[in-house]
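K.L.:
Please find run_27.cif (mmCIF, C-alpha atoms) on the next line:
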```
data_my_file
#
loop_
_atom_site.label_atom_id
_atom_site.label_comp_id
_atom_site.auth_asym_id
_atom_site.auth_seq_id
_atom_site.Cartn_x
_atom_site.Cartn_y
_atom_site.Cartn_z
CA MET P 1 18.38 -2.95 -1.90
CA THR P 2 17.77 -2.66 -5.64
CA TRP P 3 14.69 -2.21 -7.77
CA GLN P 4 13.38 -5.35 -9.48
CA PRO P 5 11.40 -3.90 -12.42
CA SER P 6 9.01 -5.88 -14.57
CA VAL P 7 7.36 -4.27 -17.59
CA TRP P 8 3.92 -5.17 -18.96
CA PRO P 9 2.04 -4.02 -22.07
CA ASN P 10 -0.69 -2.20 -20.17
CA ALA P 11 -2.19 -1.65 -16.73
CA GLY P 12 -4.39 -4.75 -17.05
CA ALA P 13 -1.44 -7.04 -17.70
CA LEU P 14 0.48 -5.36 -14.88
CA SER P 15 -2.43 -6.05 -12.52
CA HIS P 16 -2.65 -9.71 -13.52
CA ALA P 17 1.09 -10.14 -12.89
CA ALA P 18 0.87 -8.48 -9.48
CA ALA P 19 -2.14 -10.63 -8.54
CA GLN P 20 -0.19 -13.78 -9.32
CA GLU P 21 2.69 -12.63 -7.10
CA ILE P 22 0.26 -11.76 -4.30
CA TYR P 23 -1.25 -15.22 -4.57
CA HIS P 24 2.15 -16.87 -4.10
CA ALA P 25 3.10 -14.56 -1.22
CA ALA P 26 -0.21 -15.17 0.54
CA ALA P 27 0.01 -18.94 0.16
CA ALA P 28 3.53 -18.98 1.58
CA ALA P 29 2.65 -16.76 4.55
CA VAL P 30 -0.51 -18.68 5.46
CA ALA P 31 1.35 -21.99 5.22
CA ALA P 32 4.17 -20.71 7.41
CA ARG P 33 2.37 -18.54 9.96
CA GLY P 34 -1.36 -18.96 9.44
CA ARG P 35 -1.90 -15.35 8.32
CA PHE P 36 -1.05 -12.95 5.53
CA HIS P 37 -0.82 -9.25 6.41
CA LEU P 38 -1.35 -7.08 3.32
CA ALA P 39 -1.14 -3.28 3.26
CA LEU P 40 -3.17 -1.81 0.40
CA ALA P 41 -2.16 1.06 -1.84
CA GLY P 42 -4.13 4.25 -2.26
CA GLY P 43 -5.17 6.00 -5.44
CA HIS P 44 -6.89 4.52 -8.49
CA THR P 45 -4.11 2.38 -9.99
CA PRO P 46 -4.90 -0.66 -7.77
CA ARG P 47 -8.58 -0.83 -8.84
CA ARG P 48 -8.02 -3.39 -11.57
CA LEU P 49 -5.75 -5.45 -9.31
CA TYR P 50 -8.43 -5.62 -6.61
CA GLU P 51 -11.05 -6.64 -9.17
CA ILE P 52 -8.82 -9.43 -10.44
CA LEU P 53 -8.12 -10.70 -6.93
CA ALA P 54 -11.84 -10.73 -6.11
CA ALA P 55 -12.76 -12.57 -9.31
CA ASP P 56 -9.89 -14.83 -10.37
CA TYR P 57 -8.50 -15.58 -6.90
CA ARG P 58 -11.74 -15.94 -4.96
CA GLN P 59 -11.16 -19.67 -4.48
CA ARG P 60 -7.38 -19.78 -4.82
CA ILE P 61 -6.48 -17.49 -1.91
CA ASP P 62 -7.43 -18.39 1.67
CA TRP P 63 -9.21 -15.09 2.34
CA SER P 64 -10.27 -16.12 5.83
CA ASN P 65 -6.64 -15.69 6.88
CA ILE P 66 -5.87 -12.49 4.96
CA HIS P 67 -5.72 -9.26 6.96
CA LEU P 68 -5.95 -5.93 5.14
CA TYR P 69 -4.43 -2.60 6.18
CA TRP P 70 -3.92 0.73 4.42
CA SER P 71 -0.67 2.49 3.56
CA ASP P 72 -2.44 5.85 3.54
CA GLU P 73 -5.89 7.42 3.54
CA ARG P 74 -7.47 10.69 2.49
CA TYR P 75 -9.07 12.33 5.53
CA VAL P 76 -12.61 12.10 4.22
CA PRO P 77 -15.64 10.02 5.27
CA GLN P 78 -15.38 6.36 4.35
CA ASP P 79 -18.20 6.69 1.81
CA ASP P 80 -16.54 9.64 0.04
CA SER P 81 -15.62 9.03 -3.61
CA SER P 82 -11.94 9.84 -2.87
CA SER P 83 -11.64 7.38 0.04
CA ASN P 84 -9.07 4.64 -0.42
CA TYR P 85 -11.13 2.43 1.87
CA ARG P 86 -14.24 2.96 -0.29
CA LEU P 87 -12.41 1.79 -3.42
CA ALA P 88 -11.15 -1.35 -1.68
CA ARG P 89 -14.56 -2.05 -0.16
CA GLN P 90 -16.32 -1.82 -3.52
CA THR P 91 -13.79 -3.86 -5.48
CA LEU P 92 -12.37 -6.34 -2.97
CA ILE P 93 -13.89 -6.42 0.51
CA ASP P 94 -17.60 -6.58 -0.36
CA PRO P 95 -17.26 -8.90 -3.39
CA LEU P 96 -15.34 -11.38 -1.24
CA ALA P 97 -17.51 -10.80 1.87
CA LEU P 98 -14.36 -10.49 3.95
CA PRO P 99 -14.92 -10.71 7.72
CA ALA P 100 -14.90 -7.33 9.44
CA ALA P 101 -12.28 -8.62 11.90
CA ASN P 102 -9.84 -9.03 8.98
CA VAL P 103 -10.23 -5.48 7.66
CA HIS P 104 -8.30 -2.70 9.40
CA PRO P 105 -9.02 0.67 7.73
CA MET P 106 -7.49 3.93 8.85
CA PRO P 107 -10.12 5.85 10.85
CA THR P 108 -11.25 9.20 9.48
CA SER P 109 -14.09 10.05 11.85
CA PHE P 110 -12.05 11.83 14.54
CA PRO P 111 -12.37 15.63 14.59
CA ASN P 112 -8.57 15.82 14.87
CA PRO P 113 -6.50 13.76 12.37
CA GLU P 114 -3.76 13.48 15.02
CA ASP P 115 -6.14 11.44 17.18
CA ALA P 116 -6.97 9.26 14.20
CA ALA P 117 -3.28 8.58 13.57
CA ARG P 118 -2.79 7.60 17.23
CA ALA P 119 -5.82 5.31 17.05
CA TYR P 120 -4.42 3.51 14.00
CA GLU P 121 -1.07 3.11 15.74
CA GLN P 122 -2.92 1.41 18.58
CA ALA P 123 -4.67 -0.88 16.13
CA LEU P 124 -1.30 -1.83 14.62
CA LEU P 125 0.13 -2.33 18.10
CA GLN P 126 -2.64 -4.81 18.88
CA GLN P 127 -1.94 -6.73 15.69
CA PHE P 128 1.85 -6.72 15.64
CA GLY P 129 3.08 -5.83 19.12
CA ALA P 130 5.64 -3.27 20.23
CA ALA P 131 8.17 -4.26 17.55
CA GLY P 132 5.98 -2.52 15.00
CA PRO P 133 4.15 -3.46 11.82
CA ARG P 134 5.38 -6.52 9.99
CA PHE P 135 3.36 -6.61 6.81
CA ASP P 136 4.04 -9.63 4.65
CA LEU P 137 3.49 -7.36 1.67
CA ALA P 138 2.80 -3.66 1.17
CA LEU P 139 1.36 -2.38 -2.10
CA LEU P 140 2.39 1.16 -2.98
CA GLY P 141 2.13 3.59 -5.85
CA ILE P 142 4.51 6.30 -7.04
CA GLY P 143 3.40 9.83 -7.86
CA PRO P 144 4.88 11.92 -10.69
CA GLU P 145 7.08 13.76 -8.18
CA GLY P 146 8.17 10.55 -6.43
CA HIS P 147 5.75 10.44 -3.50
CA THR P 148 4.55 7.11 -2.14
CA ALA P 149 1.75 6.43 0.33
CA SER P 150 1.19 10.08 1.39
CA LEU P 151 4.89 10.74 1.91
CA PHE P 152 5.67 13.66 -0.42
CA PRO P 153 9.06 15.22 -1.20
CA GLY P 154 10.08 17.63 1.53
CA SER P 155 7.45 16.41 3.99
CA PRO P 156 8.43 16.51 7.69
CA ALA P 157 6.93 13.01 7.90
CA LEU P 158 9.97 11.69 6.02
CA GLY P 159 12.07 12.43 9.09
CA GLU P 160 9.84 10.46 11.46
CA THR P 161 11.79 7.68 13.15
CA ALA P 162 9.50 6.52 15.97
CA ARG P 163 5.85 6.81 14.97
CA TRP P 164 4.14 4.41 12.55
CA VAL P 165 1.26 6.65 11.46
CA VAL P 166 1.12 10.43 11.13
CA PRO P 167 -1.31 13.02 9.76
CA VAL P 168 0.04 15.10 6.89
CA ARG P 169 -1.00 18.03 4.74
CA VAL P 170 0.02 17.58 1.12
CA ALA P 171 -0.07 19.51 -2.15
CA ALA P 172 -2.86 17.36 -3.56
CA ASP P 173 -6.60 17.01 -3.25
CA PRO P 174 -7.78 16.31 -0.62
CA PRO P 175 -4.86 17.84 1.28
CA VAL P 176 -5.31 16.25 4.73
CA ARG P 177 -4.31 12.60 4.94
CA LEU P 178 -3.03 9.85 7.18
CA THR P 179 0.05 7.92 6.13
CA LEU P 180 2.26 5.12 7.29
CA THR P 181 5.78 6.34 7.97
CA LEU P 182 9.01 4.91 6.61
CA PRO P 183 9.63 2.90 9.82
CA ALA P 184 6.23 1.25 9.39
CA LEU P 185 6.74 0.52 5.69
CA ASP P 186 10.28 -0.72 6.25
CA GLY P 187 8.93 -3.47 8.49
CA SER P 188 7.35 -5.07 5.41
CA GLN P 189 8.75 -8.30 4.11
CA GLU P 190 8.11 -7.19 0.52
CA ILE P 191 7.06 -4.02 -1.28
CA PHE P 192 5.28 -4.01 -4.66
CA PHE P 193 5.13 -0.65 -6.43
CA LEU P 194 2.34 -0.44 -9.03
CA VAL P 195 3.09 2.26 -11.60
CA ALA P 196 1.03 2.92 -14.72
CA GLY P 197 0.61 5.81 -17.13
CA ALA P 198 2.73 8.04 -19.34
CA GLU P 199 2.74 10.78 -16.69
CA LYS P 200 5.06 8.54 -14.63
CA GLN P 201 7.80 8.27 -17.30
CA ALA P 202 10.05 10.98 -15.89
CA ILE P 203 10.01 9.74 -12.30
CA VAL P 204 10.42 6.10 -13.34
CA ALA P 205 13.52 7.05 -15.36
CA LYS P 206 14.97 8.89 -12.37
CA LEU P 207 14.27 6.04 -9.96
CA LEU P 208 15.77 3.41 -12.26
CA ALA P 209 18.86 5.53 -12.86
CA ALA P 210 19.56 6.10 -9.16
CA LYS P 211 20.25 3.61 -6.40
CA PRO P 212 17.49 3.55 -3.75
CA ASP P 213 18.83 5.49 -0.79
CA GLU P 214 17.48 6.84 2.49
CA SER P 215 18.64 10.33 1.53
CA SER P 216 16.98 10.34 -1.90
CA PRO P 217 14.78 13.35 -2.70
CA TYR P 218 12.16 10.87 -3.92
CA PRO P 219 10.25 9.28 -1.02
CA ALA P 220 9.59 6.09 -3.00
CA ALA P 221 13.35 5.49 -3.17
CA ARG P 222 13.67 5.73 0.61
CA VAL P 223 11.53 2.68 1.34
CA ARG P 224 13.81 -0.12 2.51
CA PRO P 225 11.85 -3.27 3.45
CA ARG P 226 13.30 -6.44 4.90
CA GLY P 227 13.04 -8.30 1.57
CA ARG P 228 12.59 -7.52 -2.09
CA VAL P 229 11.11 -4.50 -3.82
CA MET P 230 9.28 -5.20 -7.08
CA LEU P 231 8.43 -2.43 -9.51
CA PHE P 232 5.45 -3.34 -11.73
CA LEU P 233 5.41 -0.97 -14.72
CA ASP P 234 3.23 -0.71 -17.77
CA GLN P 235 4.86 0.20 -21.05
CA ALA P 236 3.49 3.74 -20.91
CA ALA P 237 5.23 4.39 -17.58
CA LEU P 238 8.53 3.05 -18.88
CA GLY P 239 8.31 5.04 -22.11
#
```
What does the file become when written as structure tokens?
P.N.:
Amino acid sequence: MTWQPSVWPNAGALSHAAAQEIYHAAAAAVAARGRFHLALAGGHTPRRLYEILAADYRQRIDWSNIHLYWSDERYVPQDDSSSNYRLARQTLIDPLALPAANVHPMPTSFPNPEDAARAYEQALLQQFGAAGPRFDLALLGIGPEGHTASLFPGSPALGETARWVVPVRVAADPPVRLTLTLPALDGSQEIFFLVAGAEKQAIVAKLLAAKPDESSPYPAARVRPRGRVMLFLDQAALG
């Protein structure tokens, strides 16, 4: 597997390019299998992408056959300002009036995050069966230290080989999160990394200089899906 980088003048142009690729991937999946399974990224970088999808692709994408999942979630109430679900609901789900049956957020209401992780695994089992998640596309970000989803360098979760969802404690705010594991992400047909901002220059340079490898110290470089990996960069992230 190799990175396929594309560089855009700014985060807006990056988001438009990613939206166009999502449109093509969704059309192909719906035509072939009747559904498109999309795992959403956390953080704030995807906001503009979601707004573009809700506005410019409202009629172009068959949203009735799009199913949404989450690559990770902060363990906060769903109406909390740091919730990944809340961002997607405000910018994508509510504007498109997506059916509740098509939206599969990570639960954060269990007293114990371990129970929440098990519950999301059951939800994925119901959707995909015992073979594990098979997202048509997973959107991911990359942190300045190389984390992706909520898989941070040195995390015990990087060694998980059986489970699809685990709770983690990370060196970020909020610290308690749920995340898909590498086995779950690796079931994806495609991965799109969305990376914007000058603070990402150092990690982007390291990732482009090194071959993606399962032993890499950077979790983003360990993701090995069934198909292609696309790296959407803005000029600030490339430097």
K.L.:
Can you list what the PyMOL selection byres ((chain P and resi 194) around 10) grabs from this structure, as a list in words?
P.N.:
Ala11, Leu14, Ser15, Ala18, Ala41, Thr45, Pro46, Leu49, Leu139, Leu140, Gly141, Ile142, Ile191, Phe192, Phe193, Val195, Ala196, Met230, Leu231, Phe232, Leu233 and Asp234 of chain P
K.L.:
Measuring between all atoms listed in the file, which one of P:Leu68, P:Ser150, P:Ala236, P:Pro5 shows the shortest distance to P:Gln127?
P.N.:
P:Leu68
K.L.:
Pick the closest to P:Tyr69 from P:Asp136, P:Asp213, P:Glu21, P:Glu199: which is it, counting all atoms listed in the file?
P.N.:
P:Asp136
K.L.:
Can you turn the PyMOL selection byres ((chain P and resi 29) around 12) into a concrete residue list for this file, as an NGL selection string?
P.N.:
:P and (22-28 or 30-38 or 61-62 or 65-67 or 134-137 or 189-190)
K.L.:
Can you measure atom CA of P:Ala116 to atom CA of P:Glu51 for me? One decimal in Å is fine.
P.N.:
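Separating atom CA of P:Ala116 from atom CA of P:Glu51 is a distance of 28.6 Å.
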K.L.:
Quick check, in Å to one decimal: how far apart do atom CA of P:Arg163 and atom CA of P:Ala220 lie?
P.N.:
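Interatomic distance here is 18.4 Å.
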K.L.:
Could you give me, as an NGL selection string, the residues within 12 Å of P:Pro167, counting all atoms listed in the file and dropping anything in the same chain fewer than 2 positions from it?
P.N.:
:P and (72-75 or 106-108 or 110 or 112-121 or 149-151 or 155-158 or 160 or 163-165 or 169-170 or 175-181)
K.L.:
What is the atom CA of P:Thr148 to atom CA of P:Ser188 distance in Å?
P.N.:
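Taking atom CA of P:Thr148 as the start and atom CA of P:Ser188 as the end point, the length is 14.6 Å.
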K.L.:
My list of candidates is P:Gly43, P:Arg48, P:Leu98, P:Arg89. Which is closest to P:Ser64 when distances are computed with all atoms listed in the file?
P.N.:
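So, comparing all the options, the nearest one is P:Leu98.
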K.L.:
Please provide the set of residues having any atom within 10 Å of P:Gly187, restricted to all atoms listed in the file, with same-chain residues fewer than 5 positions apart removed, written as a PyMOL selection string.
P.N.:
chain P and resi 131-138+182+223-227
K.L.:
Please enumerate the residues selected by the PyMOL selection byres ((chain P and resi 144) around 8) when evaluated against the supplied file, formatted as a CSV table (one decimal) with C-alpha atoms, keeping the file's coordinate frame.
P.N.:
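Result written to out.csv:
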```csv
chain,number,residue,atom,x,y,z
P,142,ILE,CA,4.5,6.3,-7.0
P,143,GLY,CA,3.4,9.8,-7.9
P,145,GLU,CA,7.1,13.8,-8.2
P,146,GLY,CA,8.2,10.6,-6.4
P,147,HIS,CA,5.8,10.4,-3.5
P,199,GLU,CA,2.7,10.8,-16.7
P,200,LYS,CA,5.1,8.5,-14.6
P,202,ALA,CA,10.0,11.0,-15.9
P,203,ILE,CA,10.0,9.7,-12.3
```
K.L.:
Need to verify the contact set: P:Asp56, 10 Å, only C-alpha atoms, exclusion of same-chain residues closer than 6 positions in sequence. Can you return it as a list in words?
P.N.:
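Here the answer would be His16, Ala19 and Gln20 of chain P.
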K.L.:
Using all atoms listed in the file for the distances, tell me which of P:Ala100, P:Ala210, P:Ala205, P:Ala221 is nearest to P:Ala237.
P.N.:
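Looking at the shortest contact to P:Ala237, the residue is P:Ala205.
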K.L.:
Between P:Ala171, P:Val76, P:Val229, P:Leu40, which is the closest to P:Pro111 once you count all atoms listed in the file?
P.N.:
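Using all atoms listed in the file, P:Pro111 sits closest to P:Val76.
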K.L.:
Leaving out P:Ala55 and any residue of its chain fewer than 5 positions from it, which residues lie within 9 Å of it when counting all atoms listed in the file, given as a PDB file with C-alpha atoms, keeping the file's coordinate frame?
P.N.:
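Output contents, as saved in around06.pdb:
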```
ATOM      1  CA  TYR P  50      -8.430  -5.620  -6.610  1.00  0.00           C
ATOM      2  CA  LEU P  92     -12.370  -6.340  -2.970  1.00  0.00           C
ATOM      3  CA  PRO P  95     -17.260  -8.900  -3.390  1.00  0.00           C
ATOM      4  CA  LEU P  96     -15.340 -11.380  -1.240  1.00  0.00           C
TER       5      LEU P  96
END
```
K.L.:
Could you tell me which of P:Leu53, P:Ala184, P:Leu238, P:Ala198 comes closest to P:Leu125 if we count only C-alpha atoms?
P.N.:
P:Ala184
K.L.:
Specify the axis-aligned box that encloses all atoms of stretch 198-216 of chain P listed in the file after padding of 6 Å on each side, stating its centre and edge lengths in Å to one decimal as lines of an AutoDock Vina configuration file.
P.N.:
```
center_x = 11.5
center_y = 7.2
center_z = -8.4
size_x = 29.5
size_y = 19.6
size_z = 33.8
```
K.L.:
With N, CA and C atoms as the target, complete stretch 204-239 of chain P and hand it back as an mmCIF file, in the frame of the given file.
P.N.:
```
data_model
loop_
_atom_site.group_PDB
_atom_site.id
_atom_site.type_symbol
_atom_site.label_atom_id
_atom_site.label_comp_id
_atom_site.auth_asym_id
_atom_site.auth_seq_id
_atom_site.Cartn_x
_atom_site.Cartn_y
_atom_site.Cartn_z
ATOM 1 N N VAL P 204 9.930 7.473 -13.204
ATOM 2 C CA VAL P 204 10.420 6.100 -13.340
ATOM 3 C C VAL P 204 11.863 6.117 -13.851
ATOM 4 N N ALA P 205 12.151 6.960 -14.839
ATOM 5 C CA ALA P 205 13.520 7.050 -15.360
ATOM 6 C C ALA P 205 14.493 7.478 -14.267
ATOM 7 N N LYS P 206 14.097 8.434 -13.451
ATOM 8 C CA LYS P 206 14.970 8.890 -12.370
ATOM 9 C C LYS P 206 15.191 7.810 -11.325
ATOM 10 N N LEU P 207 14.135 7.083 -10.977
ATOM 11 C CA LEU P 207 14.270 6.040 -9.960
ATOM 12 C C LEU P 207 15.125 4.883 -10.455
ATOM 13 N N LEU P 208 14.976 4.520 -11.728
ATOM 14 C CA LEU P 208 15.770 3.410 -12.260
ATOM 15 C C LEU P 208 17.230 3.788 -12.451
ATOM 16 N N ALA P 209 17.484 5.077 -12.648
ATOM 17 C CA ALA P 209 18.860 5.530 -12.860
ATOM 18 C C ALA P 209 19.625 5.699 -11.557
ATOM 19 N N ALA P 210 18.918 5.852 -10.451
ATOM 20 C CA ALA P 210 19.560 6.100 -9.160
ATOM 21 C C ALA P 210 19.380 4.903 -8.235
ATOM 22 N N LYS P 211 20.352 4.674 -7.393
ATOM 23 C CA LYS P 211 20.250 3.610 -6.400
ATOM 24 C C LYS P 211 19.309 4.051 -5.285
ATOM 25 N N PRO P 212 18.345 3.182 -4.895
ATOM 26 C CA PRO P 212 17.490 3.550 -3.750
ATOM 27 C C PRO P 212 18.334 3.897 -2.531
ATOM 28 N N ASP P 213 17.995 4.993 -1.882
ATOM 29 C CA ASP P 213 18.830 5.490 -0.790
ATOM 30 C C ASP P 213 17.966 6.270 0.179
ATOM 31 N N GLU P 214 18.290 6.175 1.461
ATOM 32 C CA GLU P 214 17.480 6.840 2.490
ATOM 33 C C GLU P 214 17.575 8.355 2.422
ATOM 34 N N SER P 215 18.524 8.886 1.671
ATOM 35 C CA SER P 215 18.640 10.330 1.530
ATOM 36 C C SER P 215 18.097 10.827 0.182
ATOM 37 N N SER P 216 17.493 9.954 -0.600
ATOM 38 C CA SER P 216 16.980 10.340 -1.900
ATOM 39 C C SER P 216 15.919 11.426 -1.768
ATOM 40 N N PRO P 217 15.841 12.348 -2.731
ATOM 41 C CA PRO P 217 14.780 13.350 -2.700
ATOM 42 C C PRO P 217 13.412 12.762 -3.037
ATOM 43 N N TYR P 218 13.400 11.520 -3.537
ATOM 44 C CA TYR P 218 12.160 10.870 -3.920
ATOM 45 C C TYR P 218 11.744 9.884 -2.830
ATOM 46 N N PRO P 219 10.643 10.150 -2.127
ATOM 47 C CA PRO P 219 10.250 9.280 -1.020
ATOM 48 C C PRO P 219 10.148 7.805 -1.394
ATOM 49 N N ALA P 220 9.706 7.497 -2.605
ATOM 50 C CA ALA P 220 9.590 6.090 -3.000
ATOM 51 C C ALA P 220 10.937 5.373 -2.930
ATOM 52 N N ALA P 221 12.018 6.094 -3.195
ATOM 53 C CA ALA P 221 13.350 5.490 -3.170
ATOM 54 C C ALA P 221 13.889 5.313 -1.764
ATOM 55 N N ARG P 222 13.208 5.855 -0.773
ATOM 56 C CA ARG P 222 13.670 5.730 0.610
ATOM 57 C C ARG P 222 13.109 4.498 1.317
ATOM 58 N N VAL P 223 12.135 3.855 0.712
ATOM 59 C CA VAL P 223 11.530 2.680 1.340
ATOM 60 C C VAL P 223 12.508 1.520 1.273
ATOM 61 N N ARG P 224 12.792 0.933 2.430
ATOM 62 C CA ARG P 224 13.810 -0.120 2.510
ATOM 63 C C ARG P 224 13.265 -1.289 3.334
ATOM 64 N N PRO P 225 12.449 -2.151 2.723
ATOM 65 C CA PRO P 225 11.850 -3.270 3.450
ATOM 66 C C PRO P 225 12.872 -4.344 3.778
ATOM 67 N N ARG P 226 12.414 -5.354 4.510
ATOM 68 C CA ARG P 226 13.300 -6.440 4.900
ATOM 69 C C ARG P 226 13.692 -7.315 3.716
ATOM 70 N N GLY P 227 12.794 -7.442 2.727
ATOM 71 C CA GLY P 227 13.040 -8.300 1.570
ATOM 72 C C GLY P 227 13.047 -7.505 0.271
ATOM 73 N N ARG P 228 12.485 -8.094 -0.756
ATOM 74 C CA ARG P 228 12.590 -7.520 -2.090
ATOM 75 C C ARG P 228 11.608 -6.373 -2.329
ATOM 76 N N VAL P 229 11.978 -5.544 -3.286
ATOM 77 C CA VAL P 229 11.110 -4.500 -3.820
ATOM 78 C C VAL P 229 10.881 -4.816 -5.288
ATOM 79 N N MET P 230 9.617 -4.962 -5.671
ATOM 80 C CA MET P 230 9.280 -5.200 -7.080
ATOM 81 C C MET P 230 8.586 -3.974 -7.638
ATOM 82 N N LEU P 231 8.969 -3.588 -8.835
ATOM 83 C CA LEU P 231 8.430 -2.430 -9.510
ATOM 84 C C LEU P 231 7.645 -2.929 -10.725
ATOM 85 N N PHE P 232 6.315 -2.910 -10.623
ATOM 86 C CA PHE P 232 5.450 -3.340 -11.730
ATOM 87 C C PHE P 232 5.125 -2.110 -12.579
ATOM 88 N N LEU P 233 5.589 -2.106 -13.817
ATOM 89 C CA LEU P 233 5.410 -0.970 -14.720
ATOM 90 C C LEU P 233 4.586 -1.386 -15.934
ATOM 91 N N ASP P 234 3.754 -0.472 -16.439
ATOM 92 C CA ASP P 234 3.230 -0.710 -17.770
ATOM 93 C C ASP P 234 4.121 0.003 -18.765
ATOM 94 N N GLN P 235 3.958 -0.333 -20.041
ATOM 95 C CA GLN P 235 4.860 0.200 -21.050
ATOM 96 C C GLN P 235 4.800 1.717 -21.124
ATOM 97 N N ALA P 236 3.616 2.285 -20.871
ATOM 98 C CA ALA P 236 3.490 3.740 -20.910
ATOM 99 C C ALA P 236 4.334 4.410 -19.847
ATOM 100 N N ALA P 237 4.427 3.805 -18.656
ATOM 101 C CA ALA P 237 5.230 4.390 -17.580
ATOM 102 C C ALA P 237 6.719 4.282 -17.869
ATOM 103 N N LEU P 238 7.116 3.198 -18.548
ATOM 104 C CA LEU P 238 8.530 3.050 -18.880
ATOM 105 C C LEU P 238 8.928 3.973 -20.021
ATOM 106 N N GLY P 239 8.028 4.167 -20.987
ATOM 107 C CA GLY P 239 8.310 5.040 -22.110
ATOM 108 C C GLY P 239 9.039 4.330 -23.237
#
```
